[in-house]
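Colleague: One structure, as structure tokens, below. Some questions next.
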Amino acid sequence: MTGNNQSTYLDFNAGAPLLPQVRSLMAEALTETGNASSVHGFGRAARHRVETARVQLAALVGASPSRVVFTSGGTEANNQALHCMSRDHDATILVSAVEHDSVIAAAPDAQQIPVGRDGIIDLENLRQRLTRLREDSTAPILVSVMLANNETGVISPLREVAELAHAFGALVHCDAVQAAGKIPVDMDALGIDLLTLSSHKLGGPQGAGALILSKTPALRASPLIHGGGQERGLRAGTENVAAIAGFGLAAELAREGLAGAGRLASLRDGLESGIRELAPEVEIFGSAVPRLLNTSCFTMPGVLAETQVMALDLEGVAVSAGAACSSGKVAPSRVLHAMGVDQDRAACAIRVSLGWSSEKAHIDHFLQAWGALYSRKGGQAAKPTDSTEPARSTKAA
Amino acid sequence: MKKAGKPIYLDYQATTPTDPRVLDVMMPFLTEKFGNPHSRNHAYGWEAEDAVEKARSEIAALIGADPKEIIFTSGATESNNLAIKGVGRFYKDRKNHIITCATEHKCVLESCRHMGQEGCEVTYLHVAKNGLIDLDNLRQTITDQTALVSIMGVNNEIGVIQPMAEIGAICREKGVFFHSDCAQAVGKIPLDVNEMNIDLMSISAHKVYGPKGVGALYVRRKPRVRLTPLFSGGGQERGMRSGTLPTPLCVGLGEACAIAGREMAQESERLHYLRDRLYLGITDQLPEVYINGDLDQRIPGNLNLSFAYVEGESLMMGIKNLCVSSGSACTSASLEPSYVLRALGVTEDLAHTSLRLGLGRFTTEEEVDAAVDEIVTQVKKLRELSPLWEMAQEGIDIASIEWAAH
Amino acid sequence: MSYSNKLIDHYDNPRNVGSMDKKDAQVGTGLVGAPACGDVMKLQIKVTPEGIIEDAKFKTFGCGSAIASSSLITEWVKGKSLDQASDIKNTEIAEELALPPVKIHCSVLAEDAIKAAVEDYKTKHGGTADDADATDAADAEEARSA
């Protein structure tokens with residue numbers, strides 16, 4: 001693929017390769033000139049592409065197209081959701097302990113709701129906190145809970161979260177970056193007031209995301225980036241037409257492809273049964289609760305994740321240590337830590353994530369490479385090779 | 001005169017076509033090289049990271065910066081927001097005064113206005129009739145409370161070039177950070193952040209034949225400029241800008257800068273010739289055409305003309321084969337005359353008659369000649385239709401008439 | 001913004017462009033709008049001694065919708081009595097040209113222009129239609145003898 005023997009990509013949760021249809025569309029859109037705010041023909045053609053994508057996005061999550069705000073990506077959308085509530089409306093923010101970095105960092109003062117060993121949010125704890133907050137004041141509250149976790153794939157009981165939150169007059173933000181396109185998402189049915197999507201996790205291009213708003217009257221969004229008044233004043237900046245068009249098509253293809261998700265499930269199940277055969281002591285995180293069909297997060301006891309990932313890379317298999325999105329910072333997986341996984345074990349967890357181009361041959365390739373490593377290292381080492389740096393493992397997506 | 005095929009694109013300040021050479025470099029990153037540049041432990045990620053770092057160097061080279069001083073963003077709007085709000089918020093407790101100019105891009109003005117709401121004091125400098133700020137006025141406006149001066153390099157509507165080196169020298173002398181929105185300047189005129197003492201510079205890709213959806217902010221390291229990020233997350237871009245970097249777009253911006261650096265001198269000469277041909281072609285045939293903004297202190301790819309007695313929107317409707325703008329793209333959907341022209345002191349009636357003509361890399365001499373023909377024909381036709389033109393021919397002073405407002 | 005074919009036709013091929021002698025007693029002139037607002041419309045009618053508009057001319061400084069609105073109204077008023085012409089509503093113009101909402105003011109301006117032209121004509125003729133007839137006849141006499 002790139003000159004070496006790289007051939008198996010199993011890191012879709014970090015970023016999916018562009019879908020071929022999306023690539024064709026973008027190749028076309030990238031050659032077009034036109035600022036979507038210009039009134040001449042070139043501008044109107046660009047505008048048409050943006051508005052088509054808006055409809056496609058809205059359809060994926062059961063929203064109204066006029067409530068879709070395009071951003072530069074999921075990180076920006078998450079920040080906008082939390083900032084406009086905390087900074088502009090002085091809301092108290094509650095987040096689950098396993099949220100993506102962009103949610104945690106956007107709301108440093110947020111209260112964190114713990115999760116259980118299975119990664120599921122503690123609803124009783126949420127209820128208690130909401131009760132306490134409402135005893136003191138009627139100020140706005142925002143509860144931010146991701147729909148599916150990027151590291152473990154565990155799916156949150158969003159409807160229950162939303163019912164609870166709404167009973168206390170709180171609004172609900174949901175980071176659905178990893179879930180969208182993999183499981184059905186219906187904002188109304190789930191009771192979501194603000195929803196974040198990312199293009200490149202859907203098989204669309206990098207550089208596009210969306211914040212989608214419900215019609216809840218109490219919801220008054222505000223911009224993070226000010227300027228020319230694009231996106232109904234909620235996000236300034238010349239529209240990234242080609243990426244937005246690609247994002248829209250990826251959303252449409254994802255919606256059509258939901259029915260075929262069983263294919264990924266059988267691949268993933270094949271992967272996990274293969275791993276259990278090779279190493280019965282392996283722990284697969286979240287395997288007892290609802291989980292995305294494409295994600296598997298597990299340990300090779302005694303072998304640091306980074307060691308596994310490097311060794312697999314040499315064999316041409318790309319996976320990730322935990323999540324893959326922080327910039328070179330070395331820190332233990334916050335998600336596994338929140339689930340109560342001890343540090344030694346967490347340091348040995350890797351994430352395999354599948355997507356549209358995954359095939360059985362890729363699973364076999366992975367199992368062969370991982371199995372070889374296991375028989376070299378895993379079987380013998382009962383504890384991490386260097387316990388003074390157990391944390392050299394995780395990057396976040 | 002109506003040529004078959006595509007209309008002639010003369011709106012290069014709204015956006016530029018992506019150069020095919022830029023696209024060629026981008027395309028592999030849309031297909032086989034799809035890694036997340038932050039995935040540090042497999043080859044897909046490294047390859048993306050290498051490409052992003054090369055692009056960073058290419059951008060830095062064009063403006064005389066160090067690659068470490070370049071932060072990728074989603075575009076110049078975000079860069080301007082990040083520079084103004086970022087510096088404003090970080091230094092607010094010590095210094096809370098921001099100076100900008102009335103003809104800045106909307107996103108600079110809006111960011112400043114927003115900082116006003118967050119407790120900063122904002123001064124909007126006036127410009128002279130030629131569109132340039134008064135340096136003495138700037139010097140006098142700076143106080144010991146001033147944290148930031150934000151003055152654009154090149155105006156998006158009238159193409160005039162502000163005296164950046166002089167502004168930079170004043171800011172350095174006074175110990176104030178100088179931010180410049182150079183979305184319209186980068187790749188068009190030589191820029192050097194050290195010679196010009198620029199501390200923060202906003203860069204846009206799609207104004208310099210790169211893709212939409214990416215830009216950069218130059219942030220000086222010595223003396224160090226600190227800023228509060230607009231948004232947080234994975235801590236990418238030295239913590240100043242979180243979010244997955246869009247590799248193909250970053251690569252596209254890098255290549256666009258590399259090409260601009262190589263071709264700027266020659267291209268500038270060519271555009272000068274075309275711009276003069278356009279300007280003279282029109283003014284030789286039409287009386288009462290006025291240029292807005294300084295003609296000499298201006299990038300070669302811009303003309304902004306007022307065609308007296310002809311309303312701009314109807315002229316745009318008439319020149320069917322030309323894609324131009326009657327104001328800045330952000331606001332042209334509204335019916336208000338351009339705030340930039342009004343800041344120059346252009347009267348409202350003349351502001352209503354203005355067109356922005358933007359030339360660029362793919363503009364040909366034939367296109368310029370066709371544009372001259374079409375503009376001259378339409379202006380003549382619309383003047384025949386214009387009661388104001390008729391009055392002017394009869395010697396009636398239009399300003400002396402008491403018009404009923406409606 | 002997209003425009004109707006009728007609007008574009010009136011813009012591309014405006015009807016009845018021109019000027020009449022505004023001192024001519026048979027002519028009523030309406031000049032409405034303001035340059036600073038981006039629209040100025042001059043509409044002139046030529047009225048027969050019987051009080052029928054036999055000709056109309058316009059000149060307009062303004063956007064395509066303003067030009068089309070004034071072109072259309074010059075077509076409509078021909079052959080109408082002064083009262084009928086004054087009764088034309090801007091909504092009829094807006095509907096005929098399918099004006100987008102932001103351009104409705106152009107049709108208002110056209111309605112104002114015809115009303116102003118009729119008013120000007122009536123003022124010239126002493127304020128009432130009957131007087132107008134009489135004066136017209138006198139003017140016509142004068143013109144013949146000149």
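FYI, nothing fancy with the structure tokens labels: chains A, B, ... in order, residues from 1 per chain, ligands from 1 as they appear.
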Taking only C-alpha atoms into account, find every residue of chain B that has an atom no more than 10 Å from chain C, and write it out as an NGL selection string.
Modeller: :B and (309-318 or 333-337 or 347-353 or 382-390 or 398-399 or 401-406)
Colleague: Print the selection's residues with N, CA and C atoms to a file, as a short mmCIF file (atom, residue, chain, number, x, y, z; two decimals), in the first residue's frame.
Modeller:
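So selection_2.cif came out as:
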```cif
data_model
loop_
_atom_site.label_atom_id
_atom_site.label_comp_id
_atom_site.auth_asym_id
_atom_site.auth_seq_id
_atom_site.Cartn_x
_atom_site.Cartn_y
_atom_site.Cartn_z
N TYR B 309 -24.47 55.92 -11.95
CA TYR B 309 -25.83 55.91 -12.54
C TYR B 309 -26.31 54.52 -12.96
N VAL B 310 -25.53 53.48 -12.63
CA VAL B 310 -25.96 52.12 -12.96
C VAL B 310 -25.96 51.30 -11.68
N GLU B 311 -27.06 50.72 -11.34
CA GLU B 311 -27.15 49.97 -10.09
C GLU B 311 -26.40 48.63 -10.24
N GLY B 312 -25.60 48.29 -9.23
CA GLY B 312 -24.70 47.14 -9.33
C GLY B 312 -25.39 45.81 -9.56
N GLU B 313 -26.49 45.60 -8.87
CA GLU B 313 -27.16 44.31 -9.00
C GLU B 313 -27.71 44.12 -10.42
N SER B 314 -28.25 45.19 -10.99
CA SER B 314 -28.79 45.05 -12.34
C SER B 314 -27.65 44.85 -13.33
N LEU B 315 -26.51 45.45 -13.03
CA LEU B 315 -25.37 45.25 -13.92
C LEU B 315 -24.91 43.80 -13.85
N MET B 316 -24.89 43.25 -12.63
CA MET B 316 -24.51 41.84 -12.49
C MET B 316 -25.45 40.93 -13.25
N MET B 317 -26.72 41.32 -13.24
CA MET B 317 -27.72 40.50 -13.93
C MET B 317 -27.50 40.59 -15.45
N GLY B 318 -27.00 41.75 -15.89
CA GLY B 318 -26.81 41.94 -17.32
C GLY B 318 -25.57 41.25 -17.85
N ALA B 333 -25.70 38.68 -0.44
CA ALA B 333 -27.09 38.26 -0.52
C ALA B 333 -28.01 39.33 0.08
N SER B 334 -27.44 40.21 0.88
CA SER B 334 -28.26 41.27 1.45
C SER B 334 -28.21 42.48 0.53
N LEU B 335 -29.10 43.42 0.75
CA LEU B 335 -29.22 44.54 -0.16
C LEU B 335 -28.48 45.78 0.32
N GLU B 336 -27.81 45.64 1.47
CA GLU B 336 -27.07 46.78 2.00
C GLU B 336 -25.86 47.06 1.12
N PRO B 337 -25.55 48.33 0.90
CA PRO B 337 -24.30 48.60 0.21
C PRO B 337 -23.11 48.23 1.08
N THR B 347 -20.06 57.61 -1.44
CA THR B 347 -21.45 57.94 -1.11
C THR B 347 -22.34 56.74 -1.39
N GLU B 348 -23.47 56.72 -0.71
CA GLU B 348 -24.33 55.54 -0.83
C GLU B 348 -24.77 55.28 -2.25
N ASP B 349 -25.05 56.37 -3.00
CA ASP B 349 -25.52 56.13 -4.37
C ASP B 349 -24.42 55.51 -5.21
N LEU B 350 -23.16 55.94 -5.00
CA LEU B 350 -22.07 55.32 -5.76
C LEU B 350 -21.77 53.91 -5.26
N ALA B 351 -21.93 53.70 -3.96
CA ALA B 351 -21.68 52.37 -3.41
C ALA B 351 -22.62 51.34 -4.03
N HIS B 352 -23.82 51.81 -4.38
CA HIS B 352 -24.77 50.91 -5.01
C HIS B 352 -24.39 50.54 -6.44
N THR B 353 -23.41 51.23 -6.98
CA THR B 353 -23.08 51.00 -8.39
C THR B 353 -21.77 50.26 -8.56
N LEU B 382 -27.68 50.11 -19.67
CA LEU B 382 -28.35 50.46 -18.42
C LEU B 382 -28.34 51.97 -18.18
N ARG B 383 -27.33 52.63 -18.69
CA ARG B 383 -27.34 54.10 -18.56
C ARG B 383 -28.45 54.68 -19.43
N GLU B 384 -28.68 54.10 -20.59
CA GLU B 384 -29.80 54.56 -21.41
C GLU B 384 -31.12 54.40 -20.66
N LEU B 385 -31.13 53.39 -19.79
CA LEU B 385 -32.32 53.12 -18.99
C LEU B 385 -32.39 53.99 -17.73
N SER B 386 -31.29 54.63 -17.41
CA SER B 386 -31.20 55.24 -16.09
C SER B 386 -31.68 56.69 -16.08
N PRO B 387 -32.67 57.01 -15.27
CA PRO B 387 -33.11 58.39 -15.17
C PRO B 387 -32.02 59.29 -14.60
N LEU B 388 -31.13 58.71 -13.80
CA LEU B 388 -30.08 59.52 -13.19
C LEU B 388 -29.06 59.95 -14.24
N TRP B 389 -28.74 59.03 -15.12
CA TRP B 389 -27.82 59.32 -16.21
C TRP B 389 -28.40 60.44 -17.08
N GLU B 390 -29.69 60.32 -17.33
CA GLU B 390 -30.37 61.32 -18.15
C GLU B 390 -30.27 62.70 -17.50
N ILE B 398 -27.65 65.77 -9.19
CA ILE B 398 -28.51 64.80 -8.52
C ILE B 398 -28.52 65.00 -7.00
N ALA B 399 -27.38 65.46 -6.50
CA ALA B 399 -27.30 65.67 -5.05
C ALA B 399 -28.22 66.80 -4.61
N ILE B 401 -31.24 67.31 -5.58
CA ILE B 401 -32.65 66.91 -5.56
C ILE B 401 -33.01 66.36 -4.19
N GLU B 402 -34.17 66.73 -3.72
CA GLU B 402 -34.63 66.16 -2.45
C GLU B 402 -35.39 64.88 -2.73
N TRP B 403 -34.73 63.77 -2.48
CA TRP B 403 -35.37 62.49 -2.77
C TRP B 403 -36.25 62.09 -1.60
N ALA B 404 -37.42 61.61 -1.93
CA ALA B 404 -38.29 61.09 -0.87
C ALA B 404 -37.76 59.72 -0.47
N ALA B 405 -37.58 59.53 0.80
CA ALA B 405 -37.15 58.20 1.24
C ALA B 405 -38.31 57.24 1.10
N HIS B 406 -38.02 56.00 0.88
CA HIS B 406 -39.10 55.04 0.81
C HIS B 406 -38.71 53.75 1.50
#
```
Colleague: Could you produce a table of the residues of chain A lying within 10 Å of chain C, with the nearest pair of atoms per residue and their separation in Å rounded to one decimal, using only C-alpha atoms, ordered by chain and increasing residue number, as JSON lines?
Modeller:
```
{"residue": "A:Val39", "atom": "CA", "partner": "C:Met1", "partner_atom": "CA", "distance": 7.2}
{"residue": "A:His40", "atom": "CA", "partner": "C:Met1", "partner_atom": "CA", "distance": 9.2}
{"residue": "A:Arg44", "atom": "CA", "partner": "C:Met1", "partner_atom": "CA", "distance": 8.7}
```
Colleague: Write the residues of the preceding selection, restricted to N, CA and C atoms, as a short mmCIF file (atom, residue, chain, number, x, y, z; two decimals), in the first residue's frame.
Modeller:
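Final output, saved to out34.cif:
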```cif
data_model
loop_
_atom_site.label_atom_id
_atom_site.label_comp_id
_atom_site.auth_asym_id
_atom_site.auth_seq_id
_atom_site.Cartn_x
_atom_site.Cartn_y
_atom_site.Cartn_z
N VAL A 39 -23.61 34.85 -5.33
CA VAL A 39 -24.94 34.72 -5.96
C VAL A 39 -24.86 34.24 -7.40
N HIS A 40 -23.67 34.25 -8.00
CA HIS A 40 -23.61 33.83 -9.40
C HIS A 40 -23.70 32.30 -9.52
N ARG A 44 -23.99 29.35 -6.75
CA ARG A 44 -25.24 28.61 -6.52
C ARG A 44 -25.02 27.11 -6.63
#
```
Colleague: Let's see if you can do this: from backbone DSSP, list all strand (DSSP E) residues in region 126-173 of chain A, as a ChimeraX atom specification.
Modeller: /A:141-144,171-173
Colleague: Nearest to chain B: which of A:Gln112, A:Ser266, A:Thr138, A:Ser72 is it, counting only C-alpha atoms?
Modeller: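 For chain B, the nearest of the candidates is A:Ser72.
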Colleague: Ranking A:Ile363, A:Ile284, A:Ala77, A:Val177 by minimum distance to chain B and counting only C-alpha atoms, which one comes first?
Modeller: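 Counting only C-alpha atoms, the residue closest to chain B is A:Ala77.
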Colleague: Counting only C-alpha atoms, figure out which residue out of A:Leu194, A:Val61, A:Ala97, A:Val319 gets nearest to chain B.
Modeller: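 Counting only C-alpha atoms, the residue closest to chain B is A:Val319.
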Colleague: Fewer than 4 positions away in the same chain doesn't count, so skip those; otherwise give me all residues within 8 Å of Gly371 (chain A), counting only C-alpha atoms, as a list in words.
Modeller: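 Here the qualifying residues turn out to be Ile275, Leu278, Leu367 and Ser375 of chain A.
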Colleague: Rank nothing, just name the residue among B:Val208, B:Val108, B:Ile299, B:Leu135 nearest to Gly168 (chain B), using only C-alpha atoms.
Modeller: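 Selected residue with least distance to Gly168 (chain B): B:Leu135.
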Colleague: Rank A:Gln368, A:Thr307, A:Ser287, A:Thr295 by their smallest atom-to-atom distance to chain B, using only C-alpha atoms, and report the top residue only.
Modeller: A:Thr307
Colleague: Can you tell me, as a PyMOL selection string, what residues are no more than 9 Å from Gly30 (chain C) when counting only C-alpha atoms, ignoring any on the same chain fewer than 3 positions away?
Modeller: chain C and resi 41-45+112-120
Colleague: Output the selection as a PDB file, in the first residue's frame - N, CA and C atoms for each residue.
Modeller:
```pdb
ATOM      1  N   MET C  41     -37.066  55.494 -10.018  1.00  0.00           N
ATOM      2  CA  MET C  41     -37.923  55.154 -11.149  1.00  0.00           C
ATOM      3  C   MET C  41     -38.543  56.435 -11.689  1.00  0.00           C
ATOM      4  N   LYS C  42     -38.439  56.615 -13.019  1.00  0.00           N
ATOM      5  CA  LYS C  42     -39.142  57.731 -13.643  1.00  0.00           C
ATOM      6  C   LYS C  42     -40.152  57.134 -14.615  1.00  0.00           C
ATOM      7  N   LEU C  43     -41.411  57.446 -14.396  1.00  0.00           N
ATOM      8  CA  LEU C  43     -42.456  56.886 -15.249  1.00  0.00           C
ATOM      9  C   LEU C  43     -43.280  58.033 -15.822  1.00  0.00           C
ATOM     10  N   GLN C  44     -43.487  57.993 -17.129  1.00  0.00           N
ATOM     11  CA  GLN C  44     -44.249  59.085 -17.768  1.00  0.00           C
ATOM     12  C   GLN C  44     -45.422  58.516 -18.554  1.00  0.00           C
ATOM     13  N   ILE C  45     -46.523  59.227 -18.497  1.00  0.00           N
ATOM     14  CA  ILE C  45     -47.698  58.811 -19.270  1.00  0.00           C
ATOM     15  C   ILE C  45     -48.121  59.967 -20.176  1.00  0.00           C
ATOM     16  N   ASP C 112     -46.091  53.188  -6.825  1.00  0.00           N
ATOM     17  CA  ASP C 112     -45.915  54.597  -6.440  1.00  0.00           C
ATOM     18  C   ASP C 112     -45.651  55.463  -7.669  1.00  0.00           C
ATOM     19  N   ALA C 113     -44.882  54.924  -8.609  1.00  0.00           N
ATOM     20  CA  ALA C 113     -44.497  55.711  -9.781  1.00  0.00           C
ATOM     21  C   ALA C 113     -45.705  56.042 -10.652  1.00  0.00           C
ATOM     22  N   ILE C 114     -46.569  55.078 -10.885  1.00  0.00           N
ATOM     23  CA  ILE C 114     -47.734  55.366 -11.739  1.00  0.00           C
ATOM     24  C   ILE C 114     -48.676  56.332 -11.014  1.00  0.00           C
ATOM     25  N   LYS C 115     -48.823  56.135  -9.715  1.00  0.00           N
ATOM     26  CA  LYS C 115     -49.681  57.048  -8.955  1.00  0.00           C
ATOM     27  C   LYS C 115     -49.134  58.471  -9.036  1.00  0.00           C
ATOM     28  N   ALA C 116     -47.805  58.577  -8.930  1.00  0.00           N
ATOM     29  CA  ALA C 116     -47.179  59.901  -8.978  1.00  0.00           C
ATOM     30  C   ALA C 116     -47.354  60.529 -10.356  1.00  0.00           C
ATOM     31  N   ALA C 117     -47.273  59.718 -11.402  1.00  0.00           N
ATOM     32  CA  ALA C 117     -47.428  60.246 -12.761  1.00  0.00           C
ATOM     33  C   ALA C 117     -48.853  60.748 -12.969  1.00  0.00           C
ATOM     34  N   VAL C 118     -49.829  59.987 -12.509  1.00  0.00           N
ATOM     35  CA  VAL C 118     -51.230  60.383 -12.640  1.00  0.00           C
ATOM     36  C   VAL C 118     -51.469  61.679 -11.860  1.00  0.00           C
ATOM     37  N   GLU C 119     -50.899  61.713 -10.667  1.00  0.00           N
ATOM     38  CA  GLU C 119     -51.032  62.880  -9.812  1.00  0.00           C
ATOM     39  C   GLU C 119     -50.462  64.123 -10.489  1.00  0.00           C
ATOM     40  N   ASP C 120     -49.280  63.935 -11.083  1.00  0.00           N
ATOM     41  CA  ASP C 120     -48.619  65.048 -11.773  1.00  0.00           C
ATOM     42  C   ASP C 120     -49.492  65.550 -12.922  1.00  0.00           C
TER      43      ASP C 120
END
```
